[in-house]
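Source file: final.csv; contents: CSV, N, CA and C atoms.
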chain,number,residue,atom,x,y,z
A,1,GLN,N,14.8,35.3,47.9
A,1,GLN,CA,14.8,34.2,46.9
A,1,GLN,C,14.9,34.8,45.5
A,2,VAL,N,15.6,34.1,44.7
A,2,VAL,CA,15.8,34.6,43.3
A,2,VAL,C,15.4,33.5,42.4
A,3,GLN,N,14.7,33.8,41.4
A,3,GLN,CA,14.3,32.8,40.4
A,3,GLN,C,14.8,33.2,39.0
A,4,LEU,N,15.2,32.3,38.2
A,4,LEU,CA,15.7,32.5,36.8
A,4,LEU,C,14.8,31.7,35.9
A,5,VAL,N,14.2,32.3,34.9
A,5,VAL,CA,13.4,31.6,33.9
A,5,VAL,C,14.0,31.7,32.6
A,6,GLU,N,14.4,30.6,32.0
A,6,GLU,CA,15.0,30.6,30.7
A,6,GLU,C,14.0,30.3,29.6
A,7,SER,N,14.2,30.8,28.4
A,7,SER,CA,13.4,30.4,27.3
A,7,SER,C,14.2,30.6,26.0
A,8,GLY,N,13.6,30.0,24.9
A,8,GLY,CA,14.2,30.2,23.6
A,8,GLY,C,14.9,29.0,23.0
A,9,GLY,N,15.1,27.9,23.8
A,9,GLY,CA,15.7,26.8,23.2
A,9,GLY,C,14.8,26.0,22.2
A,10,GLY,N,15.4,25.0,21.6
A,10,GLY,CA,14.6,24.3,20.6
A,10,GLY,C,15.5,23.5,19.7
A,11,LEU,N,14.9,23.1,18.6
A,11,LEU,CA,15.5,22.3,17.6
A,11,LEU,C,15.7,23.2,16.3
A,12,VAL,N,16.9,23.2,15.8
A,12,VAL,CA,17.3,24.0,14.7
A,12,VAL,C,18.2,23.2,13.8
A,13,GLN,N,18.2,23.5,12.5
A,13,GLN,CA,19.2,22.9,11.6
A,13,GLN,C,20.5,23.6,11.6
A,14,ALA,N,21.5,22.9,11.3
A,14,ALA,CA,22.9,23.5,11.3
A,14,ALA,C,22.8,24.8,10.4
A,15,GLY,N,23.5,25.8,10.9
A,15,GLY,CA,23.5,27.1,10.2
A,15,GLY,C,22.4,28.0,10.6
A,16,GLY,N,21.5,27.5,11.4
A,16,GLY,CA,20.4,28.3,11.8
A,16,GLY,C,20.7,29.2,13.1
A,17,SER,N,19.7,29.9,13.6
A,17,SER,CA,19.9,30.7,14.7
A,17,SER,C,18.8,30.5,15.8
A,18,LEU,N,19.2,30.8,17.0
A,18,LEU,CA,18.3,30.8,18.1
A,18,LEU,C,18.7,31.9,19.1
A,19,ARG,N,17.7,32.4,19.8
A,19,ARG,CA,18.0,33.4,20.8
A,19,ARG,C,17.4,33.0,22.2
A,20,LEU,N,18.3,32.8,23.1
A,20,LEU,CA,18.0,32.4,24.5
A,20,LEU,C,17.8,33.7,25.3
A,21,SER,N,16.8,33.6,26.2
A,21,SER,CA,16.5,34.6,27.2
A,21,SER,C,16.5,34.0,28.6
A,22,CYS,N,16.9,34.8,29.6
A,22,CYS,CA,16.9,34.4,31.0
A,22,CYS,C,16.5,35.6,31.8
A,23,ALA,N,15.3,35.5,32.4
A,23,ALA,CA,14.8,36.6,33.2
A,23,ALA,C,14.9,36.3,34.7
A,24,ALA,N,15.5,37.2,35.4
A,24,ALA,CA,15.6,37.0,36.9
A,24,ALA,C,14.6,37.8,37.6
A,25,SER,N,14.1,37.2,38.7
A,25,SER,CA,13.1,37.9,39.5
A,25,SER,C,13.3,37.5,41.0
A,26,GLY,N,12.7,38.3,41.9
A,26,GLY,CA,12.8,38.0,43.3
A,26,GLY,C,13.7,39.1,44.0
A,27,SER,N,14.4,38.6,45.0
A,27,SER,CA,15.1,39.6,45.9
A,27,SER,C,16.5,39.9,45.2
A,28,ILE,N,16.4,40.8,44.2
A,28,ILE,CA,17.5,41.2,43.4
A,28,ILE,C,17.8,42.7,43.7
A,29,PHE,N,18.9,43.0,44.2
A,29,PHE,CA,19.2,44.4,44.4
A,29,PHE,C,20.2,44.9,43.4
A,30,SER,N,21.1,44.1,43.0
A,30,SER,CA,22.1,44.5,42.0
A,30,SER,C,22.7,43.2,41.4
A,31,ILE,N,22.6,43.1,40.1
A,31,ILE,CA,23.3,41.9,39.5
A,31,ILE,C,24.6,42.3,39.0
A,32,HIS,N,25.6,41.5,39.4
A,32,HIS,CA,27.0,41.8,39.0
A,32,HIS,C,27.2,41.2,37.6
A,33,SER,N,27.6,40.0,37.5
A,33,SER,CA,27.8,39.4,36.2
A,33,SER,C,26.7,38.4,35.9
A,34,MET,N,26.5,38.2,34.6
A,34,MET,CA,25.6,37.2,34.1
A,34,MET,C,26.2,36.4,33.0
A,35,GLY,N,25.8,35.2,32.9
A,35,GLY,CA,26.5,34.3,32.0
A,35,GLY,C,25.6,33.1,31.5
A,36,TRP,N,26.1,32.5,30.4
A,36,TRP,CA,25.5,31.3,29.9
A,36,TRP,C,26.5,30.2,29.9
A,37,TYR,N,26.1,29.1,30.3
A,37,TYR,CA,26.9,27.9,30.3
A,37,TYR,C,26.1,26.8,29.5
A,38,ARG,N,26.8,25.7,29.2
A,38,ARG,CA,26.2,24.6,28.5
A,38,ARG,C,26.8,23.3,29.0
A,39,GLN,N,26.0,22.3,28.9
A,39,GLN,CA,26.4,20.9,29.2
A,39,GLN,C,25.9,19.9,28.2
A,40,ALA,N,26.8,19.3,27.5
A,40,ALA,CA,26.4,18.3,26.5
A,40,ALA,C,26.5,16.9,27.3
A,41,PRO,N,25.8,15.9,26.7
A,41,PRO,CA,25.7,14.6,27.4
A,41,PRO,C,27.2,14.1,27.5
A,42,GLY,N,27.5,13.6,28.7
A,42,GLY,CA,28.7,13.0,29.0
A,42,GLY,C,29.9,14.0,29.2
A,43,LYS,N,29.6,15.3,29.2
A,43,LYS,CA,30.6,16.3,29.3
A,43,LYS,C,30.3,17.2,30.5
A,44,GLN,N,31.4,17.9,30.9
A,44,GLN,CA,31.2,18.9,32.0
A,44,GLN,C,30.6,20.1,31.6
A,45,ARG,N,29.9,20.8,32.5
A,45,ARG,CA,29.3,22.1,32.2
A,45,ARG,C,30.5,23.1,31.9
A,46,GLU,N,30.3,23.9,30.8
A,46,GLU,CA,31.3,24.8,30.4
A,46,GLU,C,30.7,26.2,30.2
A,47,LEU,N,31.6,27.2,30.4
A,47,LEU,CA,31.2,28.6,30.1
A,47,LEU,C,31.1,28.8,28.6
A,48,VAL,N,30.0,29.5,28.2
A,48,VAL,CA,29.8,29.8,26.8
A,48,VAL,C,30.1,31.3,26.7
A,49,ALA,N,29.5,32.2,27.5
A,49,ALA,CA,29.7,33.6,27.4
A,49,ALA,C,29.3,34.3,28.7
A,50,GLY,N,30.0,35.4,29.0
A,50,GLY,CA,29.7,36.1,30.2
A,50,GLY,C,29.7,37.6,29.9
A,51,ILE,N,29.0,38.3,30.8
A,51,ILE,CA,28.9,39.8,30.7
A,51,ILE,C,28.8,40.4,32.0
A,52,THR,N,29.6,41.4,32.2
A,52,THR,CA,29.7,42.1,33.5
A,52,THR,C,28.7,43.2,33.6
A,53,SER,N,28.7,43.8,34.8
A,53,SER,CA,27.7,44.9,35.0
A,53,SER,C,28.2,46.1,34.2
A,54,GLY,N,29.4,46.1,33.8
A,54,GLY,CA,29.9,47.2,32.9
A,54,GLY,C,29.9,46.9,31.5
A,55,ASP,N,29.2,45.8,31.1
A,55,ASP,CA,29.0,45.3,29.8
A,55,ASP,C,30.3,44.8,29.1
A,56,SER,N,31.3,44.4,29.9
A,56,SER,CA,32.4,43.7,29.3
A,56,SER,C,32.0,42.3,29.1
A,57,THR,N,32.4,41.7,27.9
A,57,THR,CA,32.0,40.4,27.6
A,57,THR,C,33.2,39.5,27.3
A,58,ASN,N,32.9,38.2,27.5
A,58,ASN,CA,33.9,37.2,27.2
A,58,ASN,C,33.2,36.0,26.6
A,59,TYR,N,33.9,35.3,25.7
A,59,TYR,CA,33.3,34.1,25.0
A,59,TYR,C,34.3,33.0,25.0
A,60,ALA,N,33.7,31.8,25.0
A,60,ALA,CA,34.5,30.6,24.8
A,60,ALA,C,35.0,30.6,23.3
A,61,VAL,N,36.1,30.0,23.1
A,61,VAL,CA,36.7,30.0,21.8
A,61,VAL,C,35.8,29.4,20.7
A,62,PRO,N,35.1,28.3,21.0
A,62,PRO,CA,34.3,27.7,20.0
A,62,PRO,C,33.1,28.5,19.5
A,63,VAL,N,32.7,29.5,20.3
A,63,VAL,CA,31.5,30.3,19.9
A,63,VAL,C,31.8,31.7,19.5
A,64,LYS,N,33.1,32.1,19.7
A,64,LYS,CA,33.5,33.5,19.4
A,64,LYS,C,33.2,33.8,17.9
A,65,GLY,N,32.5,34.9,17.7
A,65,GLY,CA,32.2,35.3,16.4
A,65,GLY,C,30.8,34.8,15.9
A,66,ARG,N,30.2,33.8,16.6
A,66,ARG,CA,28.9,33.3,16.3
A,66,ARG,C,27.9,33.6,17.3
A,67,PHE,N,28.2,33.7,18.6
A,67,PHE,CA,27.3,34.0,19.6
A,67,PHE,C,27.5,35.4,20.2
A,68,THR,N,26.4,36.0,20.6
A,68,THR,CA,26.5,37.4,21.2
A,68,THR,C,25.7,37.4,22.5
A,69,ILE,N,26.3,37.8,23.6
A,69,ILE,CA,25.6,37.9,24.9
A,69,ILE,C,25.3,39.4,25.1
A,70,SER,N,24.1,39.6,25.7
A,70,SER,CA,23.7,41.0,26.0
A,70,SER,C,22.8,41.0,27.2
A,71,ARG,N,22.6,42.1,27.8
A,71,ARG,CA,21.7,42.2,29.0
A,71,ARG,C,20.9,43.4,29.0
A,72,ASN,N,19.7,43.3,29.6
A,72,ASN,CA,18.8,44.5,29.8
A,72,ASN,C,18.7,44.6,31.3
A,73,ASN,N,19.4,45.6,31.9
A,73,ASN,CA,19.4,45.7,33.3
A,73,ASN,C,18.0,46.1,33.9
A,74,ALA,N,17.2,46.9,33.1
A,74,ALA,CA,15.9,47.3,33.6
A,74,ALA,C,15.0,46.1,33.7
A,75,LYS,N,15.2,45.1,32.9
A,75,LYS,CA,14.4,43.9,32.9
A,75,LYS,C,15.1,42.7,33.6
A,76,ASN,N,16.3,42.9,34.2
A,76,ASN,CA,17.1,41.8,34.8
A,76,ASN,C,17.1,40.6,33.9
A,77,THR,N,17.4,40.8,32.7
A,77,THR,CA,17.4,39.8,31.7
A,77,THR,C,18.7,39.7,30.9
A,78,VAL,N,19.1,38.5,30.6
A,78,VAL,CA,20.3,38.3,29.8
A,78,VAL,C,19.9,37.5,28.6
A,79,TYR,N,20.5,37.8,27.5
A,79,TYR,CA,20.2,37.1,26.2
A,79,TYR,C,21.5,36.5,25.7
A,80,LEU,N,21.2,35.4,24.8
A,80,LEU,CA,22.3,34.8,24.1
A,80,LEU,C,21.8,34.6,22.6
A,81,GLN,N,22.3,35.4,21.7
A,81,GLN,CA,22.0,35.3,20.3
A,81,GLN,C,23.0,34.3,19.7
A,82,MET,N,22.5,33.2,19.2
A,82,MET,CA,23.3,32.2,18.6
A,82,MET,C,23.1,32.0,17.1
A,83,ASN,N,24.1,32.3,16.4
A,83,ASN,CA,24.0,32.2,14.9
A,83,ASN,C,25.0,31.2,14.4
A,84,SER,N,24.8,30.8,13.2
A,84,SER,CA,25.6,29.8,12.5
A,84,SER,C,25.8,28.5,13.4
A,85,LEU,N,24.7,28.1,13.9
A,85,LEU,CA,24.8,26.9,14.9
A,85,LEU,C,25.3,25.7,14.2
A,86,LYS,N,26.0,24.9,15.0
A,86,LYS,CA,26.6,23.7,14.6
A,86,LYS,C,26.1,22.5,15.4
A,87,PRO,N,26.2,21.3,14.9
A,87,PRO,CA,25.7,20.2,15.7
A,87,PRO,C,26.4,20.1,17.1
A,88,GLU,N,27.7,20.5,17.1
A,88,GLU,CA,28.4,20.4,18.4
A,88,GLU,C,28.0,21.4,19.4
A,89,ASP,N,27.1,22.3,19.0
A,89,ASP,CA,26.5,23.3,20.0
A,89,ASP,C,25.3,22.7,20.7
A,90,THR,N,25.0,21.5,20.4
A,90,THR,CA,23.9,20.8,21.0
A,90,THR,C,24.2,20.5,22.5
A,91,ALA,N,23.3,21.0,23.4
A,91,ALA,CA,23.6,20.9,24.8
A,91,ALA,C,22.4,21.5,25.5
A,92,VAL,N,22.4,21.3,26.9
A,92,VAL,CA,21.5,22.1,27.7
A,92,VAL,C,22.2,23.3,28.1
A,93,TYR,N,21.5,24.5,27.9
A,93,TYR,CA,22.1,25.8,28.2
A,93,TYR,C,21.5,26.3,29.5
A,94,TYR,N,22.4,26.8,30.3
A,94,TYR,CA,22.0,27.3,31.6
A,94,TYR,C,22.5,28.8,31.8
A,95,CYS,N,21.6,29.6,32.3
A,95,CYS,CA,22.1,31.0,32.7
A,95,CYS,C,22.5,31.0,34.1
A,96,LYS,N,23.3,31.9,34.5
A,96,LYS,CA,23.8,32.1,35.8
A,96,LYS,C,23.9,33.6,36.1
A,97,ILE,N,23.5,34.0,37.3
A,97,ILE,CA,23.8,35.4,37.7
A,97,ILE,C,24.5,35.4,39.0
A,98,ASP,N,25.3,36.4,39.2
A,98,ASP,CA,26.1,36.7,40.4
A,98,ASP,C,25.5,37.9,41.1
A,99,VAL,N,25.0,37.8,42.3
A,99,VAL,CA,24.5,38.9,43.0
A,99,VAL,C,25.2,38.9,44.4
A,100,ILE,N,24.9,39.9,45.2
A,100,ILE,CA,25.6,40.1,46.4
A,100,ILE,C,25.4,38.9,47.4
A,101,THR,N,24.3,38.2,47.2
A,101,THR,CA,24.0,37.1,48.1
A,101,THR,C,24.5,35.7,47.6
A,102,GLY,N,25.1,35.7,46.4
A,102,GLY,CA,25.6,34.5,45.8
A,102,GLY,C,25.3,34.3,44.4
A,103,GLN,N,25.4,33.0,43.9
A,103,GLN,CA,25.1,32.7,42.5
A,103,GLN,C,23.8,32.0,42.4
A,104,TYR,N,23.1,32.2,41.3
A,104,TYR,CA,21.9,31.5,41.0
A,104,TYR,C,21.9,31.0,39.6
A,105,TRP,N,21.3,29.8,39.4
A,105,TRP,CA,21.3,29.1,38.1
A,105,TRP,C,19.8,29.0,37.6
A,106,GLY,N,19.7,29.0,36.3
A,106,GLY,CA,18.4,28.7,35.7
A,106,GLY,C,18.2,27.2,35.6
A,107,GLN,N,17.1,26.8,35.2
A,107,GLN,CA,16.7,25.4,35.1
A,107,GLN,C,17.3,24.7,33.9
A,108,GLY,N,17.7,25.4,32.9
A,108,GLY,CA,18.3,24.9,31.7
A,108,GLY,C,17.3,24.8,30.6
A,109,THR,N,17.8,25.0,29.4
A,109,THR,CA,16.9,24.9,28.2
A,109,THR,C,17.7,24.1,27.1
A,110,GLN,N,17.0,23.2,26.5
A,110,GLN,CA,17.7,22.3,25.5
A,110,GLN,C,17.8,23.0,24.2
A,111,VAL,N,19.0,22.9,23.7
A,111,VAL,CA,19.3,23.4,22.3
A,111,VAL,C,19.8,22.2,21.5
A,112,THR,N,19.1,21.8,20.4
A,112,THR,CA,19.5,20.7,19.6
A,112,THR,C,19.7,21.2,18.2
A,113,VAL,N,20.9,20.9,17.6
A,113,VAL,CA,21.2,21.4,16.3
A,113,VAL,C,21.4,20.1,15.4
A,114,SER,N,20.6,20.0,14.4
A,114,SER,CA,20.6,18.8,13.5
A,114,SER,C,21.5,19.1,12.3
A,115,SER,N,22.2,18.1,11.9
A,115,SER,CA,23.1,18.2,10.7
A,115,SER,C,22.4,18.0,9.4

What is this structure when it is put down as structure tokens?
Amino acid sequence: QVQLVESGGGLVQAGGSLRLSCAASGSIFSIHSMGWYRQAPGKQRELVAGITSGDSTNYAVPVKGRFTISRNNAKNTVYLQMNSLKPEDTAVYYCKIDVITGQYWGQGTQVTVSS
């Protein structure tokens, strides 16, 4: 069994910053890729950023240059540093990890950016 615990969401004014964390625990032998997704009300869940086991990263166009994904393999943790936040970044943010046994999702953390 694998558990993901997210933290760091909240309410912030436009232009502000937040840092999300997602810690994985349980039967983890090796994490391949890790990523952050978000889902705004009435919209589909979308990829925000991903990072591979080799630390290659990719970002959605709307967040490129503002968000940074990183990981700490010793702690089985993935982070998302979000700067210059905009109201359109408001969503529930989910982390996801890919391991040999499949994919696992976090419970989600709300990020609200006020204008």

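Considering all atoms listed in the file, the residue among A:Gly10, A:Asp55, A:Val2, A:Ser30 positioned nearest to Val99 in chain A is A:Ser30.
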
Fill in: Surrounding residues of range 69-77 of chain A excluding itself and chain neighbours under 5 positions, 6 Å, all atoms listed in the file, as a list in words
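That gives Cys22, Ala23 and Ala24 of chain A.
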
Item to complete: Pick out the closest residue to Gly35 in chain A from this set: A:Lys96, A:Glu6, A:Val113, A:Leu47. Count all atoms listed in the file.
Response: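 That would be A:Lys96, the residue with the smallest distance to Gly35 in chain A.
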
Worksheet item: Between A:Gln39, A:Thr57, A:Thr101, A:Gln81, which is the closest to Ser21 in chain A once you count only N, CA and C atoms?
Response: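 Among the listed residues, A:Gln81 lies closest to Ser21 in chain A.
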
Worksheet item: How many Å lie between CA of Trp105 in chain A and CA of Val63 in chain A, rounded to one decimal?
Response: 20.9 Å

Worksheet item: Distance CA of Asn83 in chain A-atom C of Arg66 in chain A, one decimal place?
Response: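 Atom C of Arg66 in chain A lies at a distance of 4.8 Å from CA of Asn83 in chain A.
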
Worksheet, complete the sentence: Of A:Gln107, A:Ser84, A:Ser33, A:Thr68, the one sitting nearest Ala14 in chain A when using all atoms listed in the file is A:Ser84

Item to complete: Would you return as a ChimeraX atom specification the members of chain A that DSSP assigns to strand (DSSP E) on this structure's backbone?
Response: /A:2-7,10-13,18-26,31-39,46-51,57-59,67-72,77-82,91-99,102-105,109-114

Worksheet item: Any idea what the distance is between CA of Leu18 in chain A and CA of Met34 in chain A?
Response: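 One can read the CA of Leu18 in chain A to CA of Met34 in chain A distance as 18.7 Å.
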
Discussion item. Given all atoms listed in the file as the basis, pick out the residue of A:Met82, A:Ser27, A:His32, A:Tyr104 nearest to Thr52 in chain A.
Written reply: A:His32

Worksheet entry | DSSP-assigned helix (DSSP H, G or I) members of chain A, reported as number ranges by chain | A: 61-63, 73-75, 87-89

Worksheet item: Nearest to Gly9 in chain A: which of A:Gln103, A:Ile31, A:Leu80, A:Glu88 is it, counting only C-alpha atoms?
Response: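 Between A:Gln103, A:Ile31, A:Leu80, A:Glu88, the residue approaching Gly9 in chain A most closely is A:Leu80.
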